[in-house]
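Trainee: The structure file model.txt (compact mmCIF, C-alpha atoms) is provided below.
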```
# COMPACT_ATOMS: atom_id res chain seq x y z
CA MET A 1 -22.94 16.41 -5.06
CA GLN A 2 -22.60 13.23 -3.07
CA GLU A 3 -19.65 13.00 -0.68
CA PHE A 4 -16.95 10.42 -1.34
CA ILE A 5 -17.56 8.64 1.95
CA ASP A 6 -21.17 8.03 0.91
CA ILE A 7 -20.17 6.86 -2.56
CA LEU A 8 -17.56 4.47 -1.16
CA SER A 9 -20.00 2.99 1.34
CA VAL A 10 -22.26 1.46 -1.33
CA GLY A 11 -21.99 -0.76 -4.33
CA GLY A 12 -21.68 -4.46 -4.77
CA LYS A 13 -20.67 -6.93 -2.11
CA THR A 14 -18.92 -5.54 0.92
CA ASN A 15 -15.58 -6.93 -0.24
CA SER A 16 -15.89 -5.42 -3.71
CA LEU A 17 -14.49 -2.10 -4.82
CA GLY A 18 -18.04 -0.82 -5.23
CA ARG A 19 -17.96 2.65 -6.74
CA ALA A 20 -14.27 3.31 -6.03
CA GLU A 21 -13.57 3.89 -9.73
CA GLU A 22 -16.13 6.68 -9.73
CA VAL A 23 -14.30 8.41 -6.86
CA MET A 24 -10.95 7.85 -8.53
CA ALA A 25 -12.23 9.40 -11.77
CA ALA A 26 -13.57 12.43 -9.87
CA VAL A 27 -10.18 13.02 -8.23
CA LEU A 28 -8.29 12.51 -11.49
CA ALA A 29 -10.56 15.15 -13.03
CA ASP A 30 -10.08 17.56 -10.10
CA LYS A 31 -6.93 17.23 -7.97
CA SER A 32 -8.45 19.46 -5.27
CA LYS A 33 -10.69 16.51 -4.31
CA LEU A 34 -7.69 14.42 -3.24
CA SER A 35 -7.97 15.70 0.32
CA GLU A 36 -11.58 14.50 0.59
CA LEU A 37 -10.53 11.07 -0.65
CA TYR A 38 -7.65 10.95 1.84
CA GLN A 39 -10.04 11.64 4.73
CA CYS A 40 -12.06 8.55 3.75
CA ILE A 41 -9.10 6.43 4.92
CA PHE A 42 -10.25 7.23 8.47
CA ALA A 43 -13.89 6.25 8.02
CA ASP A 44 -15.43 3.94 10.61
CA ASP A 45 -16.36 1.43 7.90
CA PRO A 46 -13.39 -0.80 6.96
CA TRP A 47 -14.80 -1.32 3.44
CA VAL A 48 -14.83 2.44 2.87
CA ARG A 49 -11.22 2.58 4.08
CA MET A 50 -10.25 -0.25 1.71
CA ARG A 51 -11.95 1.38 -1.26
CA ALA A 52 -10.39 4.76 -0.46
CA ALA A 53 -6.92 3.21 -0.18
CA ASP A 54 -7.41 1.41 -3.47
CA SER A 55 -8.49 4.63 -5.19
CA LEU A 56 -5.57 6.57 -3.75
CA GLU A 57 -3.08 3.90 -4.81
CA LYS A 58 -4.42 3.92 -8.38
CA ILE A 59 -4.29 7.71 -8.48
CA CYS A 60 -0.71 7.45 -7.26
CA ARG A 61 0.17 5.23 -10.22
CA ALA A 62 -1.06 7.96 -12.58
CA HIS A 63 0.20 10.95 -10.58
CA PRO A 64 2.75 9.97 -7.93
CA ASP A 65 3.57 13.65 -7.44
CA TRP A 66 0.02 14.28 -6.23
CA VAL A 67 0.50 11.80 -3.40
CA GLU A 68 4.05 12.80 -2.47
CA SER A 69 2.82 15.79 -0.48
CA TYR A 70 0.83 13.32 1.67
CA MET A 71 3.72 10.95 2.37
CA ASP A 72 4.55 12.20 5.87
CA LYS A 73 0.89 11.84 6.84
CA ILE A 74 0.58 8.47 5.10
CA LEU A 75 3.65 7.08 6.83
CA GLN A 76 2.37 8.34 10.17
CA ASP A 77 -1.31 7.44 9.77
CA TRP A 78 -1.22 4.23 7.74
CA ALA A 79 1.83 2.50 9.18
CA SER A 80 0.02 1.74 12.44
CA THR A 81 -3.03 0.13 10.87
CA SER A 82 -3.66 -3.58 11.15
CA GLN A 83 -6.06 -3.58 8.19
CA PRO A 84 -4.42 -5.65 5.43
CA SER A 85 -6.14 -3.79 2.59
CA ILE A 86 -4.55 -0.55 3.81
CA GLN A 87 -1.17 -2.21 4.37
CA TRP A 88 -0.84 -3.67 0.88
CA HIS A 89 -1.84 -0.38 -0.71
CA LEU A 90 0.75 1.40 1.44
CA ALA A 91 3.42 -0.99 0.16
CA GLN A 92 2.31 -0.30 -3.42
CA ILE A 93 2.30 3.48 -2.90
CA LEU A 94 5.80 3.38 -1.41
CA ALA A 95 7.02 1.83 -4.66
CA GLU A 96 5.53 4.65 -6.74
CA VAL A 97 6.54 7.88 -5.01
CA HIS A 98 9.78 9.76 -4.52
CA LEU A 99 10.66 9.71 -0.82
CA SER A 100 12.91 12.02 1.15
CA ASP A 101 15.72 10.35 3.08
CA GLY A 102 13.71 10.49 6.30
CA GLN A 103 10.58 9.15 4.63
CA ARG A 104 12.59 6.34 3.06
CA GLU A 105 14.00 5.38 6.47
CA ARG A 106 10.50 5.25 7.98
CA ALA A 107 9.19 3.34 4.96
CA LEU A 108 11.99 0.79 5.19
CA ALA A 109 11.41 0.35 8.93
CA TRP A 110 7.72 -0.31 8.29
CA LEU A 111 8.34 -2.66 5.35
CA LYS A 112 10.93 -4.66 7.28
CA GLY A 113 8.61 -4.76 10.29
CA VAL A 114 5.86 -6.30 8.19
CA LEU A 115 8.21 -9.12 7.17
CA SER A 116 9.70 -9.63 10.64
CA SER A 117 7.29 -12.53 11.09
CA SER A 118 5.55 -14.94 8.76
CA GLU A 119 2.12 -13.85 10.00
CA ALA A 120 1.41 -10.97 7.61
CA ASP A 121 -1.58 -11.25 5.31
CA TRP A 122 -0.47 -13.00 2.11
CA ILE A 123 -1.05 -10.06 -0.23
CA VAL A 124 0.60 -7.66 2.24
CA ALA A 125 3.67 -9.92 2.40
CA ILE A 126 3.94 -10.17 -1.39
CA ASN A 127 3.55 -6.43 -2.01
CA THR A 128 5.99 -5.67 0.79
CA MET A 129 8.63 -7.98 -0.67
CA LYS A 130 8.06 -6.53 -4.14
CA THR A 131 8.61 -2.98 -2.86
CA LEU A 132 11.70 -4.00 -0.89
CA VAL A 133 13.19 -5.60 -4.03
CA GLN A 134 12.65 -2.30 -5.85
CA PHE A 135 14.28 -0.37 -2.98
CA CYS A 136 17.22 -2.79 -3.11
CA ARG A 137 17.65 -2.23 -6.84
CA GLU A 138 17.63 1.52 -6.22
CA GLY A 139 20.36 1.11 -3.60
CA ALA A 140 18.17 2.13 -0.65
CA VAL A 141 18.60 -1.18 1.16
CA ALA A 142 21.25 -3.88 0.99
CA LYS A 143 20.44 -7.34 -0.31
CA GLU A 144 21.88 -8.82 2.87
CA GLU A 145 19.29 -6.96 4.95
CA LEU A 146 16.48 -8.55 2.98
CA THR A 147 17.70 -12.12 2.73
CA ALA A 148 16.77 -13.16 6.27
CA LEU A 149 13.38 -11.40 6.05
CA PHE A 150 12.54 -13.14 2.79
CA GLU A 151 13.78 -16.50 4.06
CA LEU A 152 11.50 -16.08 7.08
CA GLN A 153 8.59 -15.99 4.63
CA PHE A 154 9.34 -19.64 3.75
CA GLN A 155 7.41 -20.36 6.99
CA HIS A 156 4.34 -18.44 5.81
CA LYS A 157 1.10 -20.46 5.65
CA SER A 158 0.53 -19.28 2.07
CA ASN A 159 2.20 -21.31 -0.64
CA THR A 160 2.07 -18.23 -2.88
CA VAL A 161 4.07 -16.18 -0.36
CA ARG A 162 6.64 -18.97 -0.04
CA LYS A 163 7.03 -19.18 -3.82
CA LYS A 164 7.27 -15.40 -4.21
CA ALA A 165 9.84 -15.17 -1.43
CA ALA A 166 12.00 -17.71 -3.27
CA GLN A 167 11.51 -15.87 -6.56
CA PHE A 168 12.34 -12.48 -5.03
CA LEU A 169 15.45 -13.90 -3.36
CA GLN A 170 16.55 -15.24 -6.72
CA ASP A 171 15.86 -11.84 -8.31
CA LEU A 172 18.08 -10.14 -5.74
```
Render the structure in this file as C-alpha cells.
Mentor:
Amino acid sequence: MQEFIDILSVGGKTNSLGRAEEVMAAVLADKSKLSELYQCIFADDPWVRMRAADSLEKICRAHPDWVESYMDKILQDWASTSQPSIQWHLAQILAEVHLSDGQRERALAWLKGVLSSSEADWIVAINTMKTLVQFCREGAVAKEELTALFELQFQHKSNTVRKKAAQFLQDL
C-alpha cells in the first residue's frame, strides 16, 4: 500500500488538496493510521504539510476525541510554524477538541499571539478570531481581553479581516 506522504505529494495543482480526501477516508476507516497522517505534518514539502493538516482537521470534526490525544504534541509542534495553512487548521482544531486547563492556556497564548499584530495571513486571522469568540462564549477568555486584539485587526490589509473583526466584536 502506498504511504500517505506519497499520496499527499501528488494530485492536481500544488495549491490544491490533491488526494487528501483519500488519506482522510483511509484514516476514518482505520484509526490506527492517524499516526502516519500526523507524521506527514513534518514533511519537507509544504504542500504535503498543508494537505495533511487539512485532512487531520477534517478528521477532527468527525472524531475530536481521536485528535485530543495529540493535543500536547500539536500545541508544541504546530504553534511554532510560520506556514499559514498549518496555522489556520490549528485554529480550527482548537475549536473542536476538549482541552485540559494547561492546553487551553497554551492555546490561548498562541491564538492571542497570532492577533498581536495585523500581519497574520487573512484566513489565519479569521479562523483565530472565530476560535477566540468560541472560547469567550465558553468562559475561557474574557471579552475585554479580545477587544483590543480584534480592534487591531481593523489595520489588517484584508478588507475581509477588517469586516470579520467588526462582526466578531459585535458578536461578543
Trainee: Residues near Ala148 (chain A), anyone? I mean within 12 Å using all atoms listed in the file, not counting same-chain ones fewer than 5 positions away, as a list in words.
Mentor: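 Once the adjacent positions are removed, what remains is Lys112, Leu115, Ser116, Ser117, Ser118, Met129, Ala142, Lys143, Gln153, Phe154, Gln155, Ala165, Ala166 and Leu169 of chain A.
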Trainee: Which residue out of A:Tyr38, A:Ala95, A:Glu151, A:Leu17 has the minimum interatomic distance to Asp77 (chain A) when only C-alpha atoms are used?
Mentor: A:Tyr38
Trainee: Record the distance separating CA of Ser158 (chain A) and CA of Ile123 (chain A), expressed in Å with one decimal.
Mentor: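 About the pair CA of Ser158 (chain A) and CA of Ile123 (chain A): they are 9.6 Å apart.
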Trainee: Quick one: pull the distance between CA of Glu119 (chain A) and CA of Gln103 (chain A), Å, one decimal.
Mentor: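 Spanning CA of Glu119 (chain A) to CA of Gln103 (chain A) is a straight-line distance of 25.1 Å.
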Trainee: List the spatial neighbours of region 57-70 of chain A as a list in words - criterion: any atom at most 7 Å away, all atoms listed in the file, same-chain residues fewer than 4 positions off excluded.
Mentor: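 Everything that qualifies: Met24, Leu28, Ala53, Ile74, His89, Gln92, Ile93, Glu96, Val97 and His98 of chain A.
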Trainee: Just how far from CA of Val124 (chain A) is CA of Asp6 (chain A), in Å to one decimal?
Mentor: 26.9 Å
Trainee: Would you kindly identify which residues have an atom no farther than 7 Å from (7.0, 9.1, 4.0), using all atoms listed in the file and the file's own coordinates, and write them out as a ChimeraX atom specification?
Mentor: /A:71-72,74-75,99,103-104,106-107
Trainee: May I ask which of the residues A:Pro46, A:Phe168, A:Arg162, A:Gly102 is the closest one to Leu132 (chain A), counting all atoms listed in the file?
Mentor: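 So, comparing all the options, the nearest one is A:Phe168.
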Trainee: Do you know which residues lie at most 10 Å from (-10.1, 13.1, -6.9), with coordinates as in the file and all atoms listed in the file counted, and could you write them as a list of chain:residue names?
Mentor: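 It turns out the residues near that spot are A:Phe4, A:Glu22, A:Val23, A:Met24, A:Ala25, A:Ala26, A:Val27, A:Leu28, A:Ala29, A:Asp30, A:Lys31, A:Ser32, A:Lys33, A:Leu34, A:Ser35, A:Glu36, A:Leu37, A:Tyr38, A:Ser55, A:Leu56, A:Ile59.
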Trainee: Between A:Leu172, A:Ser82, A:Asp121, A:Thr160, which is the closest to Leu146 (chain A) once you count only C-alpha atoms?
Mentor: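 Using only C-alpha atoms, Leu146 (chain A) sits closest to A:Leu172.
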Trainee: Using all atoms listed in the file for the distances, tell me which of A:Leu108, A:Cys40, A:Trp88, A:Arg51 is nearest to Arg19 (chain A).
Mentor: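 Among A:Leu108, A:Cys40, A:Trp88, A:Arg51, it is A:Arg51 that comes nearest to Arg19 (chain A).
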Trainee: Hey, could you patch up region 148-159 of chain A with all heavy atoms and hand it over as an mmCIF file, keeping the file's coordinate frame?
Mentor:
```cif
data_model
loop_
_atom_site.group_PDB
_atom_site.id
_atom_site.type_symbol
_atom_site.label_atom_id
_atom_site.label_comp_id
_atom_site.auth_asym_id
_atom_site.auth_seq_id
_atom_site.Cartn_x
_atom_site.Cartn_y
_atom_site.Cartn_z
ATOM 1 N N ALA A 148 17.361 -12.474 5.112
ATOM 2 C CA ALA A 148 16.770 -13.160 6.270
ATOM 3 C C ALA A 148 15.257 -12.922 6.343
ATOM 4 O O ALA A 148 14.503 -13.845 6.683
ATOM 5 C CB ALA A 148 17.439 -12.696 7.557
ATOM 6 N N LEU A 149 14.815 -11.700 6.018
ATOM 7 C CA LEU A 149 13.380 -11.400 6.050
ATOM 8 C C LEU A 149 12.626 -12.234 5.024
ATOM 9 O O LEU A 149 11.538 -12.759 5.302
ATOM 10 C CB LEU A 149 13.148 -9.915 5.787
ATOM 11 C CG LEU A 149 13.621 -8.949 6.860
ATOM 12 C CD1 LEU A 149 13.518 -7.512 6.372
ATOM 13 C CD2 LEU A 149 12.835 -9.133 8.149
ATOM 14 N N PHE A 150 13.196 -12.366 3.831
ATOM 15 C CA PHE A 150 12.540 -13.140 2.790
ATOM 16 C C PHE A 150 12.574 -14.628 3.111
ATOM 17 O O PHE A 150 11.601 -15.348 2.872
ATOM 18 C CB PHE A 150 13.173 -12.865 1.426
ATOM 19 C CG PHE A 150 12.839 -11.514 0.835
ATOM 20 C CD1 PHE A 150 12.433 -10.442 1.615
ATOM 21 C CD2 PHE A 150 12.931 -11.305 -0.515
ATOM 22 C CE1 PHE A 150 12.127 -9.207 1.069
ATOM 23 C CE2 PHE A 150 12.629 -10.069 -1.092
ATOM 24 C CZ PHE A 150 12.230 -9.012 -0.287
ATOM 25 N N GLU A 151 13.685 -15.093 3.670
ATOM 26 C CA GLU A 151 13.780 -16.500 4.060
ATOM 27 C C GLU A 151 12.777 -16.832 5.155
ATOM 28 O O GLU A 151 12.229 -17.935 5.191
ATOM 29 C CB GLU A 151 15.202 -16.849 4.502
ATOM 30 C CG GLU A 151 16.166 -16.929 3.332
ATOM 31 C CD GLU A 151 17.617 -17.133 3.750
ATOM 32 O OE1 GLU A 151 17.938 -17.006 4.953
ATOM 33 O OE2 GLU A 151 18.435 -17.416 2.844
ATOM 34 N N LEU A 152 12.499 -15.884 6.045
ATOM 35 C CA LEU A 152 11.500 -16.080 7.080
ATOM 36 C C LEU A 152 10.121 -16.349 6.463
ATOM 37 O O LEU A 152 9.312 -17.103 7.026
ATOM 38 C CB LEU A 152 11.443 -14.847 7.996
ATOM 39 C CG LEU A 152 10.425 -14.847 9.132
ATOM 40 C CD1 LEU A 152 10.657 -16.023 10.078
ATOM 41 C CD2 LEU A 152 10.498 -13.533 9.884
ATOM 42 N N GLN A 153 9.882 -15.796 5.291
ATOM 43 C CA GLN A 153 8.590 -15.990 4.630
ATOM 44 C C GLN A 153 8.403 -17.421 4.110
ATOM 45 O O GLN A 153 7.293 -17.819 3.754
ATOM 46 C CB GLN A 153 8.389 -14.958 3.521
ATOM 47 C CG GLN A 153 8.401 -13.522 4.012
ATOM 48 C CD GLN A 153 7.505 -13.291 5.220
ATOM 49 O OE1 GLN A 153 6.309 -13.576 5.194
ATOM 50 N NE2 GLN A 153 8.084 -12.778 6.305
ATOM 51 N N PHE A 154 9.471 -18.218 4.104
ATOM 52 C CA PHE A 154 9.340 -19.640 3.750
ATOM 53 C C PHE A 154 8.470 -20.371 4.776
ATOM 54 O O PHE A 154 7.991 -21.470 4.497
ATOM 55 C CB PHE A 154 10.701 -20.322 3.651
ATOM 56 C CG PHE A 154 11.570 -19.834 2.523
ATOM 57 C CD1 PHE A 154 12.944 -19.943 2.620
ATOM 58 C CD2 PHE A 154 11.041 -19.273 1.373
ATOM 59 C CE1 PHE A 154 13.775 -19.501 1.596
ATOM 60 C CE2 PHE A 154 11.853 -18.827 0.340
ATOM 61 C CZ PHE A 154 13.219 -18.948 0.460
ATOM 62 N N GLN A 155 8.260 -19.766 5.943
ATOM 63 C CA GLN A 155 7.410 -20.360 6.990
ATOM 64 C C GLN A 155 5.968 -19.868 6.894
ATOM 65 O O GLN A 155 5.125 -20.281 7.685
ATOM 66 C CB GLN A 155 7.983 -20.014 8.364
ATOM 67 C CG GLN A 155 9.370 -20.540 8.599
ATOM 68 C CD GLN A 155 9.977 -19.984 9.873
ATOM 69 O OE1 GLN A 155 9.284 -19.481 10.750
ATOM 70 N NE2 GLN A 155 11.297 -20.066 9.980
ATOM 71 N N HIS A 156 5.684 -18.998 5.957
ATOM 72 C CA HIS A 156 4.340 -18.440 5.810
ATOM 73 C C HIS A 156 3.361 -19.553 5.461
ATOM 74 O O HIS A 156 3.701 -20.506 4.769
ATOM 75 C CB HIS A 156 4.337 -17.353 4.714
ATOM 76 C CG HIS A 156 3.186 -16.412 4.811
ATOM 77 N ND1 HIS A 156 1.921 -16.736 4.393
ATOM 78 C CD2 HIS A 156 3.109 -15.148 5.299
ATOM 79 C CE1 HIS A 156 1.113 -15.718 4.600
ATOM 80 N NE2 HIS A 156 1.814 -14.731 5.146
ATOM 81 N N LYS A 157 2.117 -19.435 5.929
ATOM 82 C CA LYS A 157 1.100 -20.460 5.650
ATOM 83 C C LYS A 157 0.679 -20.470 4.179
ATOM 84 O O LYS A 157 0.160 -21.460 3.692
ATOM 85 C CB LYS A 157 -0.108 -20.267 6.560
ATOM 86 C CG LYS A 157 -0.846 -18.961 6.346
ATOM 87 C CD LYS A 157 -1.964 -18.761 7.339
ATOM 88 C CE LYS A 157 -2.572 -17.378 7.163
ATOM 89 N NZ LYS A 157 -3.391 -16.996 8.276
ATOM 90 N N SER A 158 0.918 -19.367 3.474
ATOM 91 C CA SER A 158 0.530 -19.280 2.070
ATOM 92 C C SER A 158 1.633 -19.808 1.153
ATOM 93 O O SER A 158 2.762 -19.317 1.179
ATOM 94 C CB SER A 158 0.224 -17.823 1.697
ATOM 95 O OG SER A 158 0.149 -17.668 0.296
ATOM 96 N N ASN A 159 1.266 -20.768 0.335
ATOM 97 C CA ASN A 159 2.200 -21.310 -0.640
ATOM 98 C C ASN A 159 2.642 -20.221 -1.626
ATOM 99 O O ASN A 159 3.800 -20.192 -2.051
ATOM 100 C CB ASN A 159 1.559 -22.486 -1.384
ATOM 101 C CG ASN A 159 2.533 -23.240 -2.235
ATOM 102 O OD1 ASN A 159 3.663 -23.496 -1.822
ATOM 103 N ND2 ASN A 159 2.103 -23.598 -3.436
#
```
